[in-house]
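Some notes on the structure that comes next.
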Amino acid sequence: MTHSSITDYHANLLKLPVEKGVIQTEIEGWLQPIEAHYLYECAYNSANILELGPYHGLSTSIIAKAKFDSGNRGTITTVDVFQNNIDITKNNIQKIAPEVKISYNVNDAINFCILQNEAPMPIFYDMIFVDANHSYEWMKLLTNKVQLLSDGKILFHDYYHRSTGVKQAVEELIGPATKKIGSIGVYE
Ligand SMILES: C[S@@+](CC[C@H](N)C(=O)[O-])C[C@H]1O[C@@H](n2cnc3c(N)ncnc32)[C@H](O)[C@@H]1O
């Protein structure tokens, strides 16, 4: 299967070195080439983007590059439960896409979604990338809250990994995914 690409950077995501199926760059992370390629495409075509679980910013860097390449309009919000991961992500984004403004949040993702839902003027996101806690119980609570903030696609990473509870939890609440991209279950 061939994949059409929007920019050279986008095309190159499919050619990065891989170890145990996941791409190897200067930023540690767990993305397959095809997932990275799809993340870029979605981010390129989205205005307001929410990412839950950046770790060290591999997915964030791809989203930020896409945002810059598409004219740097709209917003990126990222949330990790650990301050250290947010600090490392910030540092990595500063090196890779310093022009892109990101809202960095240290919080539990469910808590963050609850606070957003309660805000007088909540932001609705046309792309949400979920890659945080993968347990069934947590994903059930998260999915309930995060879907209220969605105005477009939700991408659940590790949805098709049998060792996670992502697919079962999300399917029970909002039915089957529309599309499979690597381990990502896409709802659109
Ligand atoms: C698998 S890693 C994310 C990998 C990253 N997206 C990438 O591109 O490789 C999961 C991340 O979710 C964060 N996380 C775990 N539980 C969380 C929670 N309850 N709320 C927010 N973030 C959480 C972890 O700290 C970690 O940074």
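Chain labels run A, B, ... following the order of the structure tokens; each chain numbers its residues from 1, and ligands are numbered from 1 in the order shown.
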
Name the residues in contact with Asp158 of chain A at a cut-off of 10 Å, using only C-alpha atoms, excluding same-chain residues fewer than 6 positions from it; report them as a list in words.
Trp30, Leu31, Val130, Asp131, Ala132, His134, Thr164, Gly165, Val166, Lys167, Gly182, Ser183, Ile184 and Gly185 of chain A

Generate a file of the selected residues that holds C-alpha atoms, formatted as a PDB file, in the first residue's frame.
ATOM      1  CA  TRP A  30       6.310   4.402  20.822  1.00  0.00           C
ATOM      2  CA  LEU A  31       4.938   5.219  17.398  1.00  0.00           C
ATOM      3  CA  VAL A 130      -5.326   9.704  23.440  1.00  0.00           C
ATOM      4  CA  ASP A 131      -2.135   7.905  24.536  1.00  0.00           C
ATOM      5  CA  ALA A 132      -2.062   7.970  28.343  1.00  0.00           C
ATOM      6  CA  HIS A 134      -4.272   2.174  28.788  1.00  0.00           C
ATOM      7  CA  THR A 164      -4.528  -3.047  26.860  1.00  0.00           C
ATOM      8  CA  GLY A 165      -8.139  -2.389  27.817  1.00  0.00           C
ATOM      9  CA  VAL A 166      -8.508   0.472  25.347  1.00  0.00           C
ATOM     10  CA  LYS A 167     -10.600  -1.235  22.653  1.00  0.00           C
ATOM     11  CA  GLY A 182      -1.423   0.594  13.039  1.00  0.00           C
ATOM     12  CA  SER A 183      -2.493   0.225  16.668  1.00  0.00           C
ATOM     13  CA  ILE A 184      -4.681   3.360  16.523  1.00  0.00           C
ATOM     14  CA  GLY A 185      -8.467   3.090  16.602  1.00  0.00           C
TER      15      GLY A 185
END

Residues within 9 Å of Tyr44 of chain A, only C-alpha atoms, excluding chain neighbours under 5 positions, as JSON, numbers by chain
{"A": [6, 39, 63, 65, 66, 67, 68, 69, 70, 71]}

Counting only C-alpha atoms and all ligand atoms, which of A:Asp126, A:Glu35, A:Glu188, A:Glu171 gets nearest to ligand 1?
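Nearest to ligand 1: A:Glu35.
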
Can you check which residues of segment 4-188 of chain A DSSP gives as strand (DSSP E or B) on the backbone and send them as a ChimeraX atom specification?
/A:18-19,22-23,48-52,75-80,102-106,125-130,150-156,179-181,184-187

Name the closest residue to Asn111 of chain A among the candidates A:Lys20, A:Lys145, A:His3, A:Lys180; distances are taken between atoms, counting only C-alpha atoms.
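Checking each of A:Lys20, A:Lys145, A:His3, A:Lys180 against Asn111 of chain A, counting only C-alpha atoms, the winner is A:Lys145.
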